[in-house]
Amino acid sequence: LFPYTTLFRSSRHDIDSLTELFGRIPEVRSVSHTGEVFRIACTRDQTSAVARTVVNHGYSLTLLQKKRYGLDEIYHRYFENGNKYGKTA
């Protein structure tokens with residue numbers, strides 16, 4: 001779970017090309033997609049770099065959103081995988 005995640009959607013896209021382009025942005029740690037929506041996880045906020053990359057390579061934006069994680073998501077992530085981070089005894 002990276003603290004900064006940007007969601008992106010374009011009306012025209014090539015999944016492999018966009019994945020490669022997003023991967024070149026500094027601080028990007030993972031790029032995934034579901035349908036037309038990409039999730040770009042970073043160690044710091046790179047939303048403006050994502051937007052620049054998209055526009056500079058001829059794509060149009062139909063969604064650009066910072067993902068905010070709530071306490072439920074953080075709690076679930078902390079205790080998943082057999083509670084490996086939260087063991088007390």
# chains A, B, ... in the order shown; residues from 1 in each chain; ligands from 1

$ residues_around --residues "stretch 23-25 of chain A" --least-positions-apart "2" --cutoff "10 Å" --atoms "only C-alpha atoms" --output "list in words"
Ser17, Leu18, Thr19, Glu20, Leu21, Glu27, Val28, Arg29, Ser30, Val31, Ile40, Ala41, Cys42, Gln46, Ala49, Val50 and Thr53 of chain A

$ closest_residue --among "A:Ser48, A:Ser32, A:Gln65, A:Thr43" --to "A:Asp16" --atoms "only C-alpha atoms"
A:Ser32

$ atom_distance --atom1 "atom CA of A:Ala51" --atom2 "atom CA of A:Thr6"
9.8 Å

$ atom_distance --atom1 "atom CA of A:Gly35" --atom2 "atom CA of A:Arg9"
9.2 Å
